Amino acid sequence: MGEIEDGEADHITTDVQGQKCALVCECTAPESVSRKDNLPFLNAVLKNPVCKLYRFPTSDNKWMRIREQMSESVLSFHIPKELISLHIKEDLCRNQELKELGELSPHWDNLRKNVLTHCDQMVNMYQDILTELSKETGSSFKSSSSKGEKTLEFVPINLHLQRMHVHSPHLKDALYDVITVGAPAAHFQGFKNGGLRKLLHRFETERRNTGYQFIYYSPENTAKAKEVLSNINQLQPLIATHADLLLNSASQHSPDSLKNSLKMLSEKTELFVHAFKDQLVRSALLALYTARPGGVLKKPPSPKSSTEESCPQDPPPPMKRQDSIPHHSDYDEEEWDRVWANVGKSLNCIIAMVDKLIERDGGSEGGSGGSRDGETDPSVADAIIAPPKEDWYEQLYPLILTLKDCMGEVVNRAKQSLTFVLLQELAYSLPQCLMLTLRRDIVFSQALAGLVCGFIIKLHTSLHDPGFLQQLHTVGLIVQYEGLLSTYSDEIGMLEDMAVGISDLKKVAFKIIEAKSNDVLPVITGRRDHYVVEVKLPARMFESLPLQIKEGQLLHVYPVLFNIGINEQQTLAERFGDVSLQESINQENFELLKEYYTIFMEKMPPDYISHFQEQNDIKDLLENLHQNIQAKKRKNVEIMWLAATICRKLNGIRFTCCKSAKDRTSMSVTLEQCSILRDEHQLHKDFFIRALDCMRREGCRIENVLKNIKCRKYAFNMLQLMAFPKYYRPPEGTYGKADT
């Protein structure tokens with residue numbers, strides 16, 4: 001194997017008949033399997049590699065050569081810092097919007113003041129954490145012994161890339177990657193009251209059933225309010241920019257430029273108008289009206305019949321308890337419709353004016369493409385008289401000004417009403433609500449750091465695989481997490497945290513951009529509930545991508561979690577406790593995995609699917625996985641193996657997690673590596689156990705233990721070893737006192 005020359009350690013004699021340990025040598029050379037021009041990109045993400053070289057006999061007594069590598073990632077600290085900065089920015093913006101909510105009745109004003117006090121404290125806490133993390137310059141690793149440190153709680157535990165490169169005499173070289181990381185969980189917060197899955201359910205149930213001091217909005221409607229507010233903040237400046245570009249085109253008297261600018265303005269304005277079609281905005285406006293002192297409108301309502309005044313046509317659906325929002329007879333529900341429609345009418349006036357200008361100038365064959373509704377309002381078109389061509393700017397300027405004014409009125413009302421919706425969630429239970437947000441942010445930060453690392457590694461290794469790249473932008477990637485947590489004591493809370501954190505990764509999309517400098521570390525944009533991770537690629541690598549990806553198409557991931565507890569605590573849970581949490585998680589995530597496979601089969605091209613089905617038996621594997629989940633067998637590690645196999649066959653990203661990714665994770669990762677060598681590369685059947693012991697005794701994972709606890713002993717006691725399933729026990733002399 002080519003890397004052997006790079007080794008700087010003594011060779012260890014290997015004797016197939018004597019079946020001694022087959023470690024060839026240790027080396028510190030960086031990965032050299034992939035293309036040389038990709039190395040700077042990969043080395044910017046991975047640090048401090050540990051490499052081991054082996055050779056094992058095949059079933060026909062030839063030799064296969066294996067390079068095992070374990071690397072830290074600078075993303076362990078980079079991603080949390082990016083994310084905390086975003087949280088601070090988002091929370092400062094929300095606090096400012098709460099302050100600008102306007103005059104409220106004493107009850108609501110007191111609630112707002114209380115919320116702002118706690119929110120300001122939360123922002124200060126995040127700023128302090130960011131300051132402390134910024135001091136960790138050059139760090140790329142958080143040890144398991146640091147999992148309870150407050151200043152590091154956003155950082156994933158013991159995050160590493162575990163890579164095995166196989167060179168066998170019969171098959172082409174193969175690369176197998178697993179990301180190993182401690183289960184995303186809020187260790188500093190503790191697990192006395194459970195983890196996120198339980199805490200969020202309890203919080204929502206209590207909020208739904210509480211008294212009438214606030215207005216109940218479902219989590220879906222609260223998320224919708226955040227989404228609309230985010231869209232407003234993005235679209236308003238874009239529309240203003242395109243409006244100015246339209247005026248610039250008018251001043252240059254360029255028909256083609258004018259039509260292009262109008263097209264962009266129309267598209268963004270349509271998106272803006274569409275954002276307010278949701279009934280939530282209408283109901284929120286009414287709720288805010290009732291919270292004003294006296295409920296007096298600034299503008300008098302238009303005449304309405306007595307029936308219309310006392311009985312609104314459609315009760316607002318977001319309110320689970322409609323009687324918590326009184327319906328005032330002097331509230332003009334139609335006023336919002338008029339304000340909202342004025343934006344569209346203003347755009348139609350601009351379209352009609354541009355059509356007239358171009359028509360009079362003789363520079364158009366068929367107009368500019370119609371209005372927002374497909375045709376220009378005849379009354380608008382007839383009212384506009386085309387001016388001399390030198391007056392294009394002067395004629396469009398007042399119409400643009402009107403559009404901006406109408407848009408500003410809509411934004412002001414919508415922002416205030418939707419901010420009032422967010423106030424309800426925060427007002428219910430302080431500081432419990434914010435502490436739940438903090439816990440969820442911590443867990444998500446740990447999960448996201450691992451995901452971004454895994455995505456970048458997968459992209460790097462598959463850049464020259466057209467099938468993978470097509471799958472990436474057509475379907476997205478499956479991301480499979482193997483959990484080894486028990487459903488007993490504190491690890492129940494860890495598993496509850498982990499389940500929510502991994503599920504929240506569905507809110508993440510990736511976008512690949514060309515790096516403009518040597519800085520290729522990813523950048524995160526967006527807000528809670530919707531993040532975009534921008535992955536930078538050097539120019540040569542970026543140019544090799546499909547057009548859809550180069551044009552900025554968002555790339556989605558489908559995270560799934562399968563958990564099987566394997567230690568002595570799981571034995572107690574199975575005999576005297578409750579394993580329903582594990583069963584529910586596995587069943588729920590099986591449905592998600594099956595859904596991904598259905599989408600994969602529907603969206604990938606027929607010729608690709610035909611070849612794929614010849615090479616793989618995913619359908620049978622899924623059925624086998626389903627049967628094993630339904631069987632409810634104790635410590636059924638077959639579930640883990642089936643899920644991992646399906647993930648690899650679907651070009652997915654693999655994760656293995658336990659409490660600290662040190663001991664149980666090491667047993668699982670080494671077992672997976674040797675099983676792959678046996679099943680895929682014809683490892684000699686009599687050498688399986690010895691290869692397994694060799695990797696555990698001399699390989700990268702014992703080095704992982706050393707760097708975490710400064711000792712070459714897996715933290716297992718005899719009771720734990722007796723409880724482990726077959727093949728999960730380390731060799732004699734490599735274990736000691738159990739980790740606490």
# chains A, B, ... in the order shown; residues from 1 in each chain; ligands from 1
call {"tool": "select_by_dssp", "arguments": {"residues": "segment 416-609 of chain A", "states": "alpha helix (DSSP H)", "output": "count of residues only"}}
result
113
call {"tool": "closest_atom_pairs", "arguments": {"of": "segment 418-507 of chain A", "to": "segment 631-641 of chain A", "cutoff": "12 Å", "atoms": "only C-alpha atoms", "output": "tab-separated table"}}
result
residue	atom	partner	partner_atom	distance
A:Gln480	CA	A:Met640	CA	10.0
A:Tyr481	CA	A:Met640	CA	9.3
A:Glu482	CA	A:Met640	CA	6.5
A:Gly483	CA	A:Met640	CA	8.5
A:Leu484	CA	A:Met640	CA	9.3
A:Leu485	CA	A:Lys635	CA	11.2
A:Ser486	CA	A:Lys635	CA	9.9
A:Thr487	CA	A:Lys635	CA	11.4
call {"tool": "select_by_dssp", "arguments": {"residues": "segment 165-314 of chain A", "states": "strand (DSSP E or B)", "output": "list in words"}}
result
His165, Val166, His167, Ala174, Leu175, Tyr176, Asp177, Val178, Ile179, Thr180 and Tyr217 of chain A
call {"tool": "write_last_selection", "arguments": {"atoms": "C-alpha atoms", "output": "PDB file, in the first residue's frame"}}
result
ATOM      1  CA  HIS A 165      -9.321   2.588   3.476  1.00  0.00           C
ATOM      2  CA  VAL A 166      -9.124  -0.960   2.143  1.00  0.00           C
ATOM      3  CA  HIS A 167      -6.817  -2.205  -0.591  1.00  0.00           C
ATOM      4  CA  ALA A 174     -12.761   1.194  -0.948  1.00  0.00           C
ATOM      5  CA  LEU A 175     -13.244   3.960   1.607  1.00  0.00           C
ATOM      6  CA  TYR A 176     -15.523   3.696   4.653  1.00  0.00           C
ATOM      7  CA  ASP A 177     -16.217   6.741   6.820  1.00  0.00           C
ATOM      8  CA  VAL A 178     -18.047   7.048  10.132  1.00  0.00           C
ATOM      9  CA  ILE A 179     -18.353  10.226  12.183  1.00  0.00           C
ATOM     10  CA  THR A 180     -18.013   9.418  15.877  1.00  0.00           C
ATOM     11  CA  TYR A 217     -50.938  29.605  19.363  1.00  0.00           C
TER      12      TYR A 217
END
call {"tool": "closest_atom_pairs", "arguments": {"of": "segment 602-694 of chain A", "to": "segment 181-200 of chain A", "cutoff": "7 Å", "atoms": "only C-alpha atoms", "output": "CSV"}}
result
residue,atom,partner,partner_atom,distance
A:Thr656,CA,A:Val181,CA,6.7
A:Cys657,CA,A:Ala183,CA,5.3
A:Cys658,CA,A:Ala183,CA,5.5
A:Lys659,CA,A:Gly182,CA,5.2
A:Ser660,CA,A:Gly182,CA,4.1
A:Ala661,CA,A:Gly182,CA,4.5
call {"tool": "write_last_selection", "arguments": {"atoms": "N, CA and C atoms", "output": "JSON list (two decimals), in the first residue's frame"}}
result
[["chain", "number", "residue", "atom", "x", "y", "z"],
["A", 656, "THR", "N", -21.90, 7.32, 14.61],
["A", 656, "THR", "CA", -22.04, 6.40, 15.74],
["A", 656, "THR", "C", -21.84, 7.21, 17.02],
["A", 657, "CYS", "N", -22.78, 7.05, 17.97],
["A", 657, "CYS", "CA", -22.77, 7.88, 19.18],
["A", 657, "CYS", "C", -23.06, 7.05, 20.42],
["A", 658, "CYS", "N", -22.36, 7.36, 21.49],
["A", 658, "CYS", "CA", -22.77, 6.92, 22.82],
["A", 658, "CYS", "C", -22.61, 8.15, 23.72],
["A", 659, "LYS", "N", -22.52, 7.97, 25.02],
["A", 659, "LYS", "CA", -22.47, 9.14, 25.91],
["A", 659, "LYS", "C", -21.29, 10.05, 25.58],
["A", 660, "SER", "N", -20.12, 9.45, 25.35],
["A", 660, "SER", "CA", -18.92, 10.27, 25.10],
["A", 660, "SER", "C", -18.15, 9.85, 23.86],
["A", 661, "ALA", "N", -18.69, 8.91, 23.07],
["A", 661, "ALA", "CA", -18.05, 8.45, 21.82],
["A", 661, "ALA", "C", -16.68, 7.86, 22.06]]
call {"tool": "atom_distance", "arguments": {"atom1": "atom CA of Lys81 of chain A", "atom2": "atom CA of Ile157 of chain A"}}
result
15.2 Å
call {"tool": "closest_residue", "arguments": {"among": "A:Val45, A:Ile676, A:Met125, A:Ile709", "to": "Ile88 of chain A", "atoms": "only C-alpha atoms"}}
result
A:Met125
call {"tool": "residues_around", "arguments": {"residues": "Val410 of chain A", "least_positions_apart": "3", "cutoff": "12 Å", "atoms": "only C-alpha atoms", "output": "PyMOL selection string"}}
result
chain A and resi 229+232+236+272-273+275-276+281-282+285+335-344+403-407+413-418
call {"tool": "residues_around", "arguments": {"residues": "segment 725-734 of chain A", "least_positions_apart": "4", "cutoff": "12 Å", "atoms": "only C-alpha atoms", "output": "PyMOL selection string"}}
result
chain A and resi 484+564-568+570-571+634-638+663-672+674-675+688-699+701-703+705-706+711-721
call {"tool": "residues_around", "arguments": {"residues": "Ser261 of chain A", "least_positions_apart": "4", "cutoff": "8 Å", "atoms": "only C-alpha atoms", "output": "ChimeraX atom specification"}}
result
/A:242-243,245-246,249,257,265
call {"tool": "write_last_selection", "arguments": {"atoms": "all heavy atoms", "output": "PDB file, in the first residue's frame"}}
result
ATOM      1  N   HIS A 242     -34.576  46.365  -6.102  1.00  0.00           N
ATOM      2  CA  HIS A 242     -35.038  46.180  -7.483  1.00  0.00           C
ATOM      3  C   HIS A 242     -35.829  47.393  -7.972  1.00  0.00           C
ATOM      4  O   HIS A 242     -35.793  47.719  -9.173  1.00  0.00           O
ATOM      5  CB  HIS A 242     -35.881  44.914  -7.589  1.00  0.00           C
ATOM      6  CG  HIS A 242     -35.083  43.654  -7.492  1.00  0.00           C
ATOM      7  ND1 HIS A 242     -34.047  43.361  -8.353  1.00  0.00           N
ATOM      8  CD2 HIS A 242     -35.154  42.604  -6.629  1.00  0.00           C
ATOM      9  CE1 HIS A 242     -33.520  42.193  -8.035  1.00  0.00           C
ATOM     10  NE2 HIS A 242     -34.175  41.717  -6.982  1.00  0.00           N
ATOM     11  N   ALA A 243     -36.541  48.054  -7.060  1.00  0.00           N
ATOM     12  CA  ALA A 243     -37.251  49.280  -7.442  1.00  0.00           C
ATOM     13  C   ALA A 243     -36.256  50.364  -7.838  1.00  0.00           C
ATOM     14  O   ALA A 243     -36.460  51.089  -8.828  1.00  0.00           O
ATOM     15  CB  ALA A 243     -38.133  49.744  -6.288  1.00  0.00           C
ATOM     16  N   LEU A 245     -33.249  49.817  -8.994  1.00  0.00           N
ATOM     17  CA  LEU A 245     -32.667  49.395 -10.273  1.00  0.00           C
ATOM     18  C   LEU A 245     -33.594  49.725 -11.437  1.00  0.00           C
ATOM     19  O   LEU A 245     -33.137  50.080 -12.526  1.00  0.00           O
ATOM     20  CB  LEU A 245     -32.375  47.885 -10.241  1.00  0.00           C
ATOM     21  CG  LEU A 245     -31.233  47.428  -9.334  1.00  0.00           C
ATOM     22  CD1 LEU A 245     -31.173  45.901  -9.274  1.00  0.00           C
ATOM     23  CD2 LEU A 245     -29.889  47.985  -9.841  1.00  0.00           C
ATOM     24  N   LEU A 246     -34.894  49.616 -11.193  1.00  0.00           N
ATOM     25  CA  LEU A 246     -35.865  49.980 -12.230  1.00  0.00           C
ATOM     26  C   LEU A 246     -35.759  51.462 -12.561  1.00  0.00           C
ATOM     27  O   LEU A 246     -35.768  51.858 -13.732  1.00  0.00           O
ATOM     28  CB  LEU A 246     -37.277  49.630 -11.765  1.00  0.00           C
ATOM     29  CG  LEU A 246     -38.403  49.894 -12.773  1.00  0.00           C
ATOM     30  CD1 LEU A 246     -38.339  48.887 -13.916  1.00  0.00           C
ATOM     31  CD2 LEU A 246     -39.780  49.824 -12.102  1.00  0.00           C
ATOM     32  N   SER A 249     -32.670  52.035 -14.604  1.00  0.00           N
ATOM     33  CA  SER A 249     -32.888  51.665 -16.004  1.00  0.00           C
ATOM     34  C   SER A 249     -33.695  52.731 -16.723  1.00  0.00           C
ATOM     35  O   SER A 249     -33.453  53.024 -17.904  1.00  0.00           O
ATOM     36  CB  SER A 249     -33.622  50.316 -16.083  1.00  0.00           C
ATOM     37  OG  SER A 249     -32.867  49.296 -15.487  1.00  0.00           O
ATOM     38  N   SER A 257     -33.239  46.810 -20.403  1.00  0.00           N
ATOM     39  CA  SER A 257     -32.885  46.863 -18.987  1.00  0.00           C
ATOM     40  C   SER A 257     -34.120  47.140 -18.136  1.00  0.00           C
ATOM     41  O   SER A 257     -34.290  46.574 -17.053  1.00  0.00           O
ATOM     42  CB  SER A 257     -31.828  47.942 -18.752  1.00  0.00           C
ATOM     43  OG  SER A 257     -31.525  48.057 -17.381  1.00  0.00           O
ATOM     44  N   LEU A 265     -38.474  42.886 -10.130  1.00  0.00           N
ATOM     45  CA  LEU A 265     -39.314  43.576  -9.146  1.00  0.00           C
ATOM     46  C   LEU A 265     -40.650  42.858  -8.984  1.00  0.00           C
ATOM     47  O   LEU A 265     -41.140  42.667  -7.862  1.00  0.00           O
ATOM     48  CB  LEU A 265     -39.535  45.024  -9.581  1.00  0.00           C
ATOM     49  CG  LEU A 265     -40.464  45.856  -8.684  1.00  0.00           C
ATOM     50  CD1 LEU A 265     -39.858  46.006  -7.291  1.00  0.00           C
ATOM     51  CD2 LEU A 265     -40.729  47.235  -9.309  1.00  0.00           C
TER      52      LEU A 265
END
call {"tool": "closest_atom_pairs", "arguments": {"of": "segment 563-620 of chain A", "to": "segment 495-506 of chain A", "cutoff": "10 Å", "atoms": "only C-alpha atoms", "output": "CSV"}}
result
residue,atom,partner,partner_atom,distance
A:Asn563,CA,A:Leu495,CA,8.5
A:Leu581,CA,A:Glu496,CA,8.2
A:Gln582,CA,A:Leu495,CA,8.4
A:Ile585,CA,A:Ala499,CA,7.4
A:Asn589,CA,A:Ser503,CA,9.4
call {"tool": "atom_distance", "arguments": {"atom1": "atom CA of Leu288 of chain A", "atom2": "atom CA of Leu101 of chain A"}}
result
9.3 Å
call {"tool": "closest_residue", "arguments": {"among": "A:Lys62, A:Lys550, A:Lys89, A:Arg540", "to": "Leu469 of chain A", "atoms": "only C-alpha atoms"}}
result
A:Lys550
call {"tool": "residues_around", "arguments": {"residues": "segment 519-532 of chain A", "least_positions_apart": "3", "cutoff": "6 Å", "atoms": "only C-alpha atoms", "output": "PyMOL selection string"}}
result
chain A and resi 507-510+535-536
call {"tool": "closest_atom_pairs", "arguments": {"of": "segment 420-539 of chain A", "to": "segment 590-599 of chain A", "cutoff": "9 Å", "atoms": "only C-alpha atoms", "output": "Markdown table"}}
result
| residue | atom | partner | partner_atom | distance |
| --- | --- | --- | --- | --- |
| A:Val475 | CA | A:Ile599 | CA | 6.9 |
| A:Gly476 | CA | A:Tyr596 | CA | 8.9 |
| A:Leu477 | CA | A:Tyr596 | CA | 8.8 |
| A:Ile478 | CA | A:Tyr596 | CA | 7.4 |
| A:Gln480 | CA | A:Leu593 | CA | 8.9 |
call {"tool": "closest_residue", "arguments": {"among": "A:Leu235, A:Ala539, A:Ala291, A:Ile79", "to": "Ser105 of chain A", "atoms": "only C-alpha atoms"}}
result
A:Ala291
call {"tool": "atom_distance", "arguments": {"atom1": "atom CA of Leu677 of chain A", "atom2": "atom CA of Asp173 of chain A"}}
result
12.1 Å
call {"tool": "closest_atom_pairs", "arguments": {"of": "segment 54-128 of chain A", "to": "segment 444-468 of chain A", "cutoff": "7 Å", "atoms": "only C-alpha atoms", "output": "CSV"}}
result
residue,atom,partner,partner_atom,distance
A:Leu75,CA,A:Ala449,CA,6.0
A:Ser76,CA,A:Ala449,CA,5.7
A:Ile79,CA,A:Ala449,CA,5.4
A:Pro80,CA,A:Ser445,CA,5.6
A:Leu83,CA,A:Ser445,CA,6.9
